[in-house]
file final_25.cif (mmCIF, C-alpha atoms)
data_run
loop_
_atom_site.label_atom_id
_atom_site.label_comp_id
_atom_site.auth_asym_id
_atom_site.auth_seq_id
_atom_site.Cartn_x
_atom_site.Cartn_y
_atom_site.Cartn_z
CA MET X 171 26.94 125.05 129.43
CA ALA X 172 24.09 122.61 129.25
CA SER X 173 24.77 118.90 129.51
CA ASP X 174 23.44 118.20 126.02
CA MET X 175 26.62 119.80 124.66
CA GLY X 176 28.79 117.11 126.22
CA GLU X 177 29.12 115.31 122.93
CA ASP X 178 30.94 118.32 121.40
CA VAL X 179 33.16 118.66 124.45
CA GLY X 180 34.04 115.00 124.07
CA LEU X 181 35.98 116.03 120.98
CA LEU X 182 38.27 118.06 123.24
CA PHE X 183 38.85 115.70 126.15
CA SER X 184 37.52 112.30 127.11
CA ASP X 185 35.26 111.89 130.14
CA GLU X 186 38.04 109.92 131.84
CA GLU X 187 40.50 112.79 131.43
CA LEU X 188 38.12 115.26 133.08
CA SER X 189 36.19 113.11 135.53
CA GLU X 190 38.25 113.92 138.65
CA MET X 191 38.64 117.67 138.03
CA SER X 192 36.95 119.98 140.49
CA GLY X 193 34.26 122.43 139.31
CA LEU X 194 33.93 120.91 135.84
CA LYS X 195 31.49 122.56 133.44
CA LYS X 196 31.16 121.87 129.72
CA GLY X 197 30.31 124.05 126.73
CA GLY X 198 30.17 123.56 122.98
CA ASP X 199 33.83 124.38 122.30
CA PHE X 200 35.31 124.68 125.78
CA VAL X 201 35.55 123.14 129.21
CA GLU X 202 35.73 125.05 132.48
CA VAL X 203 37.29 123.99 135.78
CA THR X 204 38.22 125.50 139.11
CA CYS X 205 41.78 126.82 139.13
CA GLY X 206 44.01 128.78 141.45
CA CYS X 207 47.43 130.21 142.16
CA THR X 208 49.12 130.29 145.57
CA SER X 209 51.03 133.23 147.01
CA HIS X 210 53.02 132.63 150.18
CA ARG X 211 51.98 136.08 151.34
CA TYR X 212 48.33 136.25 150.27
CA GLY X 213 47.36 132.59 150.13
CA ASP X 214 45.25 130.99 147.39
CA ALA X 215 43.63 133.06 144.66
CA VAL X 216 40.86 130.97 143.13
CA GLY X 217 39.27 131.36 139.72
CA ARG X 218 37.56 129.62 136.81
CA LEU X 219 39.76 128.43 133.95
CA ARG X 220 38.08 128.11 130.55
CA VAL X 221 39.92 125.99 127.97
CA PHE X 222 38.91 126.41 124.30
CA ALA X 223 39.51 124.07 121.38
CA SER X 224 41.36 126.94 119.66
CA GLY X 225 44.01 126.76 122.38
CA ASP X 226 42.88 129.97 124.09
CA LEU X 227 42.90 129.99 127.89
CA GLU X 228 40.80 132.41 129.95
CA VAL X 229 40.62 132.84 133.71
CA SER X 230 37.80 134.56 135.57
CA CYS X 231 39.19 135.50 138.97
CA GLU X 232 37.17 134.84 142.11
CA CYS X 233 39.87 135.77 144.64
CA THR X 234 37.47 138.08 146.49
CA PRO X 235 33.69 138.65 146.18
CA GLY X 236 34.30 142.09 144.65
CA CYS X 237 36.98 141.09 142.13
CA ASN X 238 36.02 142.07 138.58
CA GLU X 239 39.06 140.60 136.79
CA ASP X 240 37.70 138.57 133.89
CA LYS X 241 39.13 136.91 130.77
CA LEU X 242 42.67 137.00 132.14
CA THR X 243 45.44 135.01 130.53
CA PRO X 244 46.97 132.47 132.95
CA ALA X 245 50.10 134.66 133.07
CA ALA X 246 48.02 137.71 134.03
CA PHE X 247 46.11 135.66 136.64
CA GLU X 248 49.41 134.48 138.12
CA LYS X 249 50.55 138.10 138.44
CA HIS X 250 47.17 139.22 139.82
CA SER X 251 47.35 136.54 142.52
CA GLY X 252 50.54 138.08 143.94
CA ARG X 253 52.59 134.99 143.27
CA GLU X 254 56.17 135.76 144.28
CA THR X 255 57.90 133.68 141.59
CA ALA X 256 55.77 134.79 138.67
CA ARG X 257 56.37 134.04 134.97
CA LYS X 258 56.09 130.27 135.41
CA TRP X 259 52.33 130.06 135.11
CA LYS X 260 52.25 126.52 133.72
CA ASN X 261 53.68 125.33 137.02
CA ASN X 262 52.19 127.96 139.36
CA VAL X 263 48.56 127.90 138.19
CA TRP X 264 46.86 124.75 139.38
CA VAL X 265 43.60 122.82 139.11
CA ILE X 266 42.16 120.40 141.65
CA ILE X 267 42.20 116.71 140.73
CA GLN X 268 40.98 114.18 143.29
CA GLY X 269 41.23 116.88 145.94
CA GLU X 270 44.87 117.71 145.17
CA LYS X 271 46.35 120.82 143.57
CA VAL X 272 47.96 119.81 140.28
CA PRO X 273 50.01 122.26 138.11
CA LEU X 274 48.52 122.89 134.66
CA ALA X 275 51.71 121.56 133.10
CA LYS X 276 50.89 118.11 134.50
CA THR X 277 47.34 117.99 133.14
CA VAL X 278 45.73 117.45 129.74
CA LEU X 279 44.32 120.98 129.77
CA LEU X 280 47.26 122.51 127.86
CA ARG X 281 46.91 120.08 124.96
CA TYR X 282 45.29 122.56 122.57
CA TYR X 283 47.30 125.51 123.86
CA ASN X 284 50.55 123.69 123.03
CA GLN X 285 49.20 122.65 119.63
CA SER X 286 48.26 126.27 118.82
CA LEU X 287 51.79 127.43 119.71
CA LYS X 288 53.22 124.93 117.25
CA ALA X 289 50.71 125.97 114.58
CA ASN X 290 51.43 129.67 115.00
CA GLY X 291 55.13 128.95 114.80
CA SER X 292 54.77 127.05 111.52
CA HIS X 293 53.54 129.87 109.26
CA LYS X 294 56.74 129.89 107.26
CA GLY X 295 57.58 130.77 103.70
CA PRO X 296 59.85 128.89 101.30
CA ASN X 297 62.95 130.36 103.00
CA GLY X 298 61.95 128.78 106.32
CA ARG X 299 61.27 132.12 108.01
CA PRO X 300 57.90 133.03 109.51
CA CYS X 301 55.70 134.80 106.97
CA HIS X 302 53.82 137.97 107.90
CA ARG X 303 51.58 139.66 105.38
CA ASP X 304 51.77 143.41 104.78
CA GLU X 305 49.56 145.59 106.97
CA PHE X 306 48.09 149.08 106.57
CA ILE X 307 47.61 151.99 108.95
CA HIS X 308 45.52 155.12 108.42
CA CYS X 309 47.27 158.45 108.76
CA ARG X 310 45.67 160.51 111.52
CA ARG X 311 46.06 163.67 109.46
CA CYS X 312 45.06 162.74 105.89
CA ASN X 313 43.30 159.40 106.57
CA LYS X 314 45.20 157.69 103.75
CA GLU X 315 46.32 154.10 104.27
CA ARG X 316 50.05 153.40 104.23
CA ARG X 317 51.62 149.99 103.73
CA PHE X 318 53.92 148.34 106.25
CA ARG X 319 56.03 145.37 105.11
CA LEU X 320 56.74 142.88 107.88
CA ARG X 321 59.63 140.80 106.57
CA THR X 322 62.12 141.39 109.39
CA LYS X 323 61.97 141.88 113.15
CA GLU X 324 62.89 145.56 112.68
CA GLU X 325 60.00 146.08 110.24
CA CYS X 326 57.62 144.30 112.62
CA ARG X 327 58.73 146.58 115.46
CA ILE X 328 58.15 149.69 113.36
CA TYR X 329 54.61 148.51 112.59
CA HIS X 330 54.02 147.41 116.19
CA ASP X 331 54.95 150.84 117.55
CA ALA X 332 52.96 152.62 114.82
CA VAL X 333 49.80 150.70 115.79
CA ALA X 334 50.30 151.81 119.39
CA ASN X 335 50.61 155.47 118.31
CA LEU X 336 47.07 156.83 118.12
CA ASN X 337 48.36 159.99 116.44
CA TRP X 338 50.42 158.21 113.78
CA LYS X 339 50.86 160.19 110.55
CA CYS X 340 52.55 159.73 107.18
CA SER X 341 55.62 161.74 108.17
CA ASP X 342 56.33 159.19 110.92
CA LEU X 343 57.29 156.56 108.36
CA THR X 344 60.98 155.81 108.89
CA PHE X 345 61.58 153.43 105.96
CA ASP X 346 59.84 155.44 103.22
CA LYS X 347 59.70 159.14 102.49
CA VAL X 348 55.94 159.67 102.27
CA THR X 349 53.92 162.80 102.92
CA CYS X 350 50.20 163.37 103.21
CA GLU X 351 50.28 164.85 99.72
CA ASP X 352 51.40 161.54 98.17
CA GLU X 353 48.74 159.38 96.54
CA GLU X 354 47.32 156.39 98.35
CA GLU X 355 47.85 152.92 96.85
CA ARG X 356 45.18 151.80 94.40
CA ALA X 357 42.66 149.26 95.71
CA SER X 358 43.85 146.72 93.15
CA ARG X 359 47.36 147.04 94.55
CA LYS X 360 46.28 146.83 98.20
CA VAL X 361 44.98 143.27 97.80
CA LEU X 362 48.57 142.13 97.17
CA ARG X 363 49.86 141.71 100.70
CA GLY X 364 52.83 139.40 100.38
CA CYS X 365 51.41 135.95 101.09
CA TRP X 366 53.73 133.53 99.31
CA ARG X 367 50.95 130.95 98.95
CA SER X 368 48.59 133.26 97.09
CA PRO X 369 49.38 136.90 96.06
CA SER X 370 45.78 138.09 96.56
CA CYS X 371 45.21 136.09 99.76
CA LYS X 372 42.76 137.70 102.19
CA GLY X 373 44.39 136.02 105.18
CA CYS X 374 45.35 132.40 105.83
CA THR X 375 47.33 130.32 108.33
CA THR X 376 50.45 130.92 106.22
CA CYS X 377 50.51 134.73 106.34
CA VAL X 378 48.44 135.66 109.43
CA CYS X 379 50.49 135.41 112.60
CA PHE X 380 49.08 135.39 116.13
CA GLY X 381 52.43 135.88 117.76
CA CYS X 382 56.01 134.70 117.21
CA GLU X 383 59.57 135.65 118.13
CA ILE X 384 59.75 138.05 115.17
CA CYS X 385 56.61 140.13 115.83
CA ARG X 386 56.59 140.08 119.66
CA PHE X 387 59.16 141.94 121.75
CA SER X 388 60.52 141.17 125.21
CA ASP X 389 61.36 144.84 125.85
CA CYS X 390 57.81 146.02 125.06
CA SER X 391 55.42 146.58 127.95
CA CYS X 392 52.16 146.20 125.99
CA GLN X 393 49.94 143.38 127.25
CA THR X 394 50.21 141.42 123.99
CA CYS X 395 54.00 141.26 124.14
CA VAL X 396 54.09 140.68 127.91
CA ASP X 397 51.68 137.74 127.61
CA PHE X 398 53.60 136.23 124.70
CA THR X 399 56.96 136.55 126.51
CA GLN X 400 55.60 135.09 129.74
CA ASN X 401 53.79 132.25 127.98
CA ALA X 402 56.91 131.40 125.98
CA LYS X 403 58.93 131.23 129.19
CA GLY X 404 56.17 129.37 131.00
#

call {"tool": "encode", "arguments": {"input": "final_25.cif", "output": "structure tokens"}}
result
Amino acid sequence: MASDMGEDVGLLFSDEELSEMSGLKKGGDFVEVTCGCTSHRYGDAVGRLRVFASGDLEVSCECTPGCNEDKLTPAAFEKHSGRETARKWKNNVWVIIQGEKVPLAKTVLLRYYNQSLKANGSHKGPNGRPCHRDEFIHCRRCNKERRFRLRTKEECRIYHDAVANLNWKCSDLTFDKVTCEDEEERASRKVLRGCWRSPSCKGCTTCVCFGCEICRFSDCSCQTCVDFTQNAKG
């Protein structure tokens, strides 16, 4: 976080935009400021918010000297703080500007986060629907890779739950009758993963999704889905 990296940070925010923020530190592709979240019962939980050019937001909690919570999403930090009206982290998590607590939603710090949401929501095919490339999972029993097509929300849920199942096996496939005795796809076939821009694409902004309404689920309790749902509501 040396000062000679300030020039790179200047590409994120201007000095004027950051000058009055408390606890400011600068890195090559991020800025860091003091942040907090207030609970009427427990008081202020203070932390360090790191804002990356990619749009990622990370909070290192400093609510107590022994707290080891690190790299929290703002939504997780809000919950950790004991905030009574959680799930509105953009308004509940604050930074200090000119000595006053200011909600993140009223600062420039969400600029790249909001841009990344728009970018992730724009990976659409010719039909206007979000495009997700096919994925593969190894069978726990035979170690063969099986293809999962992710064209619909139902297909995405099947894949999502299969990834979470550490003992997933071929017989668990619900959309295809496959057994461990069936041959695995040829390598030349596996490179074709459904990207409409390029059939043999190895992963691009068109077919690689980092979270959207089709592949994230409000009724799922995994941290990825919880964070996406809370951030979308925030």

call {"tool": "resolve_selection", "arguments": {"input": "final_25.cif", "expression": "the PyMOL selection byres ((chain X and resi 336-349) around 7)", "output": "ChimeraX atom specification"}}
result
/X:309-311,332,334-335,350-352

call {"tool": "residues_around", "arguments": {"input": "final_25.cif", "residues": "X:Asn401", "least_positions_apart": "2", "cutoff": "12 Å", "atoms": "all atoms listed in the file", "output": "PyMOL selection string"}}
result
chain X and resi 226-227+243-246+248+256-261+280+283-284+287+381-383+386+388+393-399+403-404

call {"tool": "closest_residue", "arguments": {"input": "final_25.cif", "among": "X:Ser370, X:Ser358, X:Thr204, X:Gln268", "to": "X:Arg218", "atoms": "only C-alpha atoms"}}
result
X:Thr204

call {"tool": "residues_around", "arguments": {"input": "final_25.cif", "residues": "X:His302", "least_positions_apart": "2", "cutoff": "9 Å", "atoms": "all atoms listed in the file", "output": "ChimeraX atom specification"}}
result
/X:293-294,300,304-305,319-321,326,364-365,376-379,385

call {"tool": "resolve_selection", "arguments": {"input": "final_25.cif", "expression": "the PyMOL selection byres ((chain X and resi 253) around 8)", "output": "list in words"}}
result
Cys207, Thr208, Ser209, His210, Glu248, Lys249, His250, Ser251, Gly252, Glu254, Thr255 and Ala256 of chain X

call {"tool": "residues_around", "arguments": {"input": "final_25.cif", "residues": "X:Lys241", "least_positions_apart": "4", "cutoff": "6 Å", "atoms": "all atoms listed in the file", "output": "list in words"}}
result
Glu228, Val229 and Ser230 of chain X

call {"tool": "closest_residue", "arguments": {"input": "final_25.cif", "among": "X:Gly236, X:His330, X:Lys276, X:Gly197", "to": "X:Ser391", "atoms": "all atoms listed in the file"}}
result
X:His330

call {"tool": "atom_distance", "arguments": {"input": "final_25.cif", "atom1": "atom CA of X:Gly225", "atom2": "atom CA of X:Arg281"}}
result
7.7 Å

call {"tool": "closest_residue", "arguments": {"input": "final_25.cif", "among": "X:Glu232, X:Asp331, X:Glu355, X:Glu190", "to": "X:Cys392", "atoms": "all atoms listed in the file"}}
result
X:Asp331
